[in-house]
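File shown: target.cif. Contents: mmCIF, C-alpha atoms.
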```
data_work
loop_
_atom_site.label_atom_id
_atom_site.label_comp_id
_atom_site.auth_asym_id
_atom_site.auth_seq_id
_atom_site.Cartn_x
_atom_site.Cartn_y
_atom_site.Cartn_z
CA MET A 255 22.82 17.79 8.78
CA PRO A 256 26.44 16.69 8.28
CA ASP A 257 27.66 16.25 4.73
CA ARG A 258 27.79 12.49 5.20
CA LEU A 259 26.18 10.51 7.99
CA GLN A 260 28.12 7.71 9.57
CA GLY A 261 26.93 4.39 8.16
CA TYR A 262 26.69 0.94 9.60
CA ARG A 263 29.80 -1.22 9.35
CA PRO A 264 29.94 -3.64 6.40
CA THR A 265 29.38 -6.64 8.71
CA ALA A 266 26.15 -5.13 10.06
CA ARG A 267 25.02 -4.28 6.53
CA TRP A 268 25.68 -7.78 5.19
CA LEU A 269 23.96 -9.42 8.15
CA HIS A 270 20.97 -7.09 7.70
CA TRP A 271 20.54 -7.82 3.98
CA ILE A 272 21.19 -11.57 4.26
CA VAL A 273 18.53 -11.91 6.95
CA ALA A 274 16.19 -9.55 5.05
CA ALA A 275 16.47 -11.59 1.85
CA ALA A 276 15.87 -14.86 3.70
CA VAL A 277 12.90 -13.49 5.66
CA LEU A 278 11.39 -11.96 2.53
CA ALA A 279 11.63 -15.39 0.87
CA MET A 280 10.23 -17.21 3.90
CA ILE A 281 7.15 -15.03 4.38
CA PRO A 282 5.45 -15.87 1.08
CA ALA A 283 6.60 -19.50 1.31
CA GLY A 284 5.13 -19.76 4.81
CA LEU A 285 1.85 -18.13 3.80
CA VAL A 286 1.42 -20.22 0.64
CA MET A 287 2.53 -23.61 1.98
CA VAL A 288 -0.45 -23.87 4.36
CA GLN A 289 -3.12 -23.09 1.76
CA GLU A 290 -5.77 -25.68 1.06
CA GLY A 291 -5.78 -27.28 -2.38
CA LEU A 292 -2.11 -26.67 -3.10
CA PRO A 293 -0.58 -29.52 -5.13
CA ARG A 294 1.30 -31.79 -2.73
CA PRO A 295 4.70 -31.55 -4.52
CA VAL A 296 4.55 -27.75 -4.39
CA GLN A 297 3.48 -27.79 -0.75
CA ASP A 298 6.25 -30.25 0.16
CA ALA A 299 8.89 -28.16 -1.61
CA LEU A 300 7.73 -25.02 0.21
CA PHE A 301 7.79 -26.80 3.58
CA VAL A 302 11.32 -28.11 2.94
CA LEU A 303 12.51 -24.65 1.88
CA HIS A 304 10.83 -22.92 4.83
CA LYS A 305 12.05 -25.38 7.49
CA ASN A 306 15.62 -25.59 6.26
CA LEU A 307 16.07 -21.88 5.59
CA GLY A 308 14.67 -21.25 9.06
CA ALA A 309 17.19 -23.68 10.55
CA LEU A 310 20.01 -21.93 8.67
CA LEU A 311 18.81 -18.57 9.95
CA ILE A 312 19.12 -19.51 13.63
CA PRO A 313 22.94 -19.20 13.76
CA VAL A 314 22.94 -16.19 11.40
CA ILE A 315 20.44 -14.37 13.61
CA LEU A 316 22.44 -15.34 16.69
CA VAL A 317 25.54 -13.78 15.11
CA ARG A 318 23.51 -10.72 14.15
CA VAL A 319 22.16 -10.25 17.68
CA ILE A 320 25.62 -10.67 19.22
CA TYR A 321 27.09 -8.26 16.69
CA ARG A 322 24.40 -5.67 17.46
CA LEU A 323 24.98 -6.03 21.20
CA THR A 324 28.72 -5.52 20.78
CA HIS A 325 28.65 -2.78 18.10
CA ARG A 326 26.57 0.34 18.64
CA PRO A 327 24.64 1.53 15.60
CA PRO A 328 25.59 4.91 14.15
CA PRO A 329 23.56 7.83 15.50
CA LEU A 330 20.53 9.10 13.66
CA PRO A 331 20.77 12.61 12.22
CA ASP A 332 19.80 15.45 14.55
CA SER A 333 16.87 16.27 12.26
CA ILE A 334 15.00 13.11 13.32
CA PRO A 335 12.28 14.04 15.87
CA ARG A 336 12.40 12.41 19.30
CA TRP A 337 9.17 10.42 18.72
CA GLN A 338 10.63 8.92 15.53
CA ARG A 339 13.81 7.94 17.39
CA ARG A 340 11.69 6.16 19.98
CA ALA A 341 9.57 4.50 17.30
CA ALA A 342 12.72 3.36 15.48
CA ALA A 343 14.19 1.93 18.70
CA LEU A 344 10.93 0.13 19.51
CA SER A 345 10.54 -1.31 16.00
CA HIS A 346 14.17 -2.45 15.88
CA GLY A 347 13.77 -4.12 19.28
CA MET A 348 10.63 -5.85 18.06
CA LEU A 349 12.36 -6.97 14.86
CA TYR A 350 15.27 -8.50 16.75
CA GLY A 351 12.92 -10.22 19.20
CA LEU A 352 10.72 -11.60 16.42
CA LEU A 353 13.78 -12.72 14.43
CA VAL A 354 14.67 -14.92 17.40
CA VAL A 355 11.13 -16.10 18.17
CA MET A 356 10.27 -17.08 14.60
CA PRO A 357 12.95 -19.69 13.80
CA VAL A 358 13.03 -21.07 17.34
CA SER A 359 9.24 -21.51 17.50
CA GLY A 360 9.27 -22.99 14.00
CA PHE A 361 12.01 -25.43 14.95
CA VAL A 362 10.18 -26.47 18.12
CA ARG A 363 6.92 -26.89 16.18
CA VAL A 364 8.57 -29.10 13.56
CA ARG A 365 10.60 -31.26 15.94
CA ALA A 366 7.88 -31.61 18.59
CA GLY A 367 5.50 -32.52 15.76
CA GLY A 368 7.85 -35.36 14.80
CA TYR A 369 8.82 -33.88 11.43
CA PRO A 370 12.28 -33.77 9.88
CA VAL A 371 14.51 -30.79 9.28
CA GLU A 372 16.25 -32.34 6.31
CA LEU A 373 19.43 -30.25 6.42
CA LEU A 374 20.01 -30.85 10.13
CA ASP A 375 19.17 -34.53 9.78
CA ARG A 376 21.70 -34.93 6.94
CA LEU A 377 24.35 -33.25 9.08
CA GLY A 378 23.63 -35.71 11.88
CA PHE A 379 21.99 -33.31 14.31
CA GLY A 380 19.42 -35.10 16.40
CA PRO A 381 15.91 -33.88 16.94
CA TRP A 382 16.85 -32.38 20.39
CA ILE A 383 13.14 -32.24 21.23
CA GLY A 384 10.87 -35.19 21.92
CA ARG A 385 7.57 -35.61 20.14
CA SER A 386 4.79 -33.69 21.91
CA GLU A 387 1.61 -32.59 20.19
CA ARG A 388 0.89 -30.13 23.01
CA LEU A 389 4.29 -28.47 22.61
CA ALA A 390 3.99 -28.56 18.82
CA ASP A 391 0.57 -26.88 18.98
CA ALA A 392 1.81 -24.17 21.37
CA ALA A 393 4.88 -23.49 19.22
CA SER A 394 2.71 -23.41 16.11
CA ALA A 395 0.35 -20.84 17.65
CA LEU A 396 3.31 -18.70 18.74
CA HIS A 397 4.93 -19.01 15.30
CA GLN A 398 1.73 -17.97 13.52
CA ALA A 399 1.02 -14.99 15.81
CA ALA A 400 4.63 -13.84 15.64
CA ALA A 401 4.60 -14.18 11.85
CA PHE A 402 1.73 -11.72 11.45
CA LEU A 403 3.32 -9.34 13.94
CA LEU A 404 6.62 -9.63 12.05
CA ILE A 405 4.88 -8.83 8.76
CA ALA A 406 3.32 -5.72 10.32
CA VAL A 407 6.58 -4.50 11.88
CA LEU A 408 8.47 -5.19 8.64
CA ALA A 409 5.90 -3.14 6.72
CA VAL A 410 6.44 -0.20 9.08
CA HIS A 411 10.23 -0.66 8.91
CA ALA A 412 10.26 -0.78 5.09
CA GLY A 413 7.86 2.15 4.88
CA ALA A 414 10.06 4.25 7.15
CA ALA A 415 13.16 3.28 5.16
CA LEU A 416 11.48 4.27 1.91
CA GLN A 417 10.28 7.52 3.42
CA HIS A 418 13.87 8.37 4.40
CA ALA A 419 15.19 7.30 0.98
CA LEU A 420 12.60 8.85 -1.32
CA ILE A 421 10.95 11.71 0.56
CA ARG A 422 13.21 13.03 3.29
CA ARG A 423 16.48 12.11 1.55
CA ASP A 424 18.22 12.66 4.86
CA GLY A 425 20.93 10.00 4.59
CA VAL A 426 19.27 7.44 6.87
CA TRP A 427 18.80 4.96 3.99
CA SER A 428 22.42 5.25 2.90
CA ARG A 429 23.57 4.23 6.39
CA MET A 430 22.48 0.66 5.53
CA TRP A 431 22.74 0.60 1.71
CA PRO A 432 24.72 -0.58 -0.17
CA PRO A 433 25.69 -3.65 1.86
CA GLY A 434 29.48 -3.59 1.38
CA ARG A 435 30.16 0.07 1.98
CA GLY A 436 31.57 1.04 5.36
#
```
Rendering of file as structure tokens:
Amino acid sequence: MPDRLQGYRPTARWLHWIVAAAVLAMIPAGLVMVQEGLPRPVQDALFVLHKNLGALLIPVILVRVIYRLTHRPPPLPDSIPRWQRRAAALSHGMLYGLLVVMPVSGFVRVRAGGYPVELLDRLGFGPWIGRSERLADAASALHQAAAFLLIAVLAVHAGAALQHALIRRDGVWSRMWPPGRG
């Protein structure tokens, strides 16, 4: 193993941790906001947070995807077995795909359901999608299925990161942390 592995560039690190923080806030909000018996003011606040943070994430994720497509990630250390390299590539591909599917399907569900996205409405962005219960239901089903898949893939991703940081101590964690280092 080299003395110091090449890390991700600061831009990639910041985009990673900004999206991670937002997603980690949105998951519990999304799971709690649909629970029966929740006081209406709490439920409304969670819906507003979830919808608007999701709308803000769309351009951030777009930038992140474009950045990833135009900037190759640093290589993994030679000590990483081939099967783990493949698993890492698959899980990263799934994460990127789900990070696109989630806010887009959520946006379509909200707009096709005739609901506001308060931030976009204040900025004067139109609904872009006509009201359609059928489309809203399909987008809702996709959003829910993708959410549980995202939670599972994130659990594997975080578990692997912690394994590299705490058990293997092979430098893989330090490629992405801290955010500003390059």
What separates CA of Pro264 (chain A) and CA of Ile421 (chain A) is a distance of 25.1 Å
Please compute the CA of His418 (chain A)-CA of Ala274 (chain A) distance, one decimal, in Å. 18.1 Å
To one decimal place, how far is CA of Gly308 (chain A) from CA of Gly360 (chain A) in Å? 7.5 Å
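Between Ile312 (chain A) and the candidates A:Leu349, A:Leu300, A:Val358, A:Ala341, the tightest atom-to-atom separation, counting all atoms listed in the file, involves A:Val358.
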Given the file shown, determine the residues that the PyMOL selection byres ((chain A and resi 353) around 9) selects; report them as a PDB file with C-alpha atoms, in the coordinates of the input.
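selection-v7.pdb written:
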```
ATOM      1  CA  VAL A 273      18.530 -11.910   6.950  1.00  0.00           C
ATOM      2  CA  VAL A 277      12.900 -13.490   5.660  1.00  0.00           C
ATOM      3  CA  LEU A 311      18.810 -18.570   9.950  1.00  0.00           C
ATOM      4  CA  ILE A 312      19.120 -19.510  13.630  1.00  0.00           C
ATOM      5  CA  ILE A 315      20.440 -14.370  13.610  1.00  0.00           C
ATOM      6  CA  MET A 348      10.630  -5.850  18.060  1.00  0.00           C
ATOM      7  CA  LEU A 349      12.360  -6.970  14.860  1.00  0.00           C
ATOM      8  CA  TYR A 350      15.270  -8.500  16.750  1.00  0.00           C
ATOM      9  CA  GLY A 351      12.920 -10.220  19.200  1.00  0.00           C
ATOM     10  CA  LEU A 352      10.720 -11.600  16.420  1.00  0.00           C
ATOM     11  CA  VAL A 354      14.670 -14.920  17.400  1.00  0.00           C
ATOM     12  CA  VAL A 355      11.130 -16.100  18.170  1.00  0.00           C
ATOM     13  CA  MET A 356      10.270 -17.080  14.600  1.00  0.00           C
ATOM     14  CA  PRO A 357      12.950 -19.690  13.800  1.00  0.00           C
ATOM     15  CA  VAL A 358      13.030 -21.070  17.340  1.00  0.00           C
ATOM     16  CA  LEU A 404       6.620  -9.630  12.050  1.00  0.00           C
TER      17      LEU A 404
END
```
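Within 12 Å of region 336-338 of chain A, once only C-alpha atoms are used and residues closer than 4 positions along the same chain are dropped, the contacting residues are Leu330, Pro331, Asp332, Ala342, Ala343, Leu344, Ser345, His346, Val410, His411, Ala414 and His418 of chain A.
Comparing A:Leu278, A:Val426, A:Val371, A:Leu323 by their smallest distance to Leu310 (chain A), the closest is A:Val371 (using all atoms listed in the file).
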Exercise: Tyr321 (chain A) partners within 10 Å, only C-alpha atoms, chain neighbours under 6 positions left out, as a JSON list (two decimals) with C-alpha atoms, in the frame of the given file:
```
[["chain", "number", "residue", "atom", "x", "y", "z"],
["A", 265, "THR", "CA", 29.38, -6.64, 8.71],
["A", 266, "ALA", "CA", 26.15, -5.13, 10.06],
["A", 269, "LEU", "CA", 23.96, -9.42, 8.15],
["A", 315, "ILE", "CA", 20.44, -14.37, 13.61]]
```
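Residue membership of the PyMOL selection byres ((chain A and resi 377-382) around 10) in the shown file amounts to Phe361, Val362, Val364, Arg365, Ala366, Gly368, Tyr369, Pro370, Val371, Glu372, Leu373, Leu374, Asp375, Arg376, Ile383, Gly384 and Arg385 of chain A.
Considering all atoms listed in the file, the residue among A:Tyr262, A:Asn306, A:Ala283, A:Ala395 positioned nearest to Ser428 (chain A) is A:Tyr262.
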Within 7 Å of Arg363 (chain A) using all atoms listed in the file, minus same-chain residues under 3 positions, as a list of chain:residue names: A:Ser359, A:Gly360, A:Ala366, A:Gly367, A:Ala390, A:Asp391, A:Ala393, A:Ser394
Just so the selection is clear, what residues does the PyMOL selection byres ((chain A and resi 282) around 12) cover here, as number ranges by chain? A: 275-281, 283-289, 300-301, 303-304, 401-402, 405
Using 4 Å of padding on each side, determine the axis-aligned box around all atoms of region 356-369 of chain A present in the file and give its centre and edge lengths in Å to one decimal, as lines of an AutoDock Vina configuration file.
```
center_x = 9.3
center_y = -26.2
center_z = 15.0
size_x = 15.5
size_y = 26.3
size_z = 15.2
```
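With only C-alpha atoms as the atoms that count, the minimum distance from Pro327 (chain A) to the choices A:Arg263, A:Val302, A:Arg435, A:Leu420 is reached by A:Arg263.
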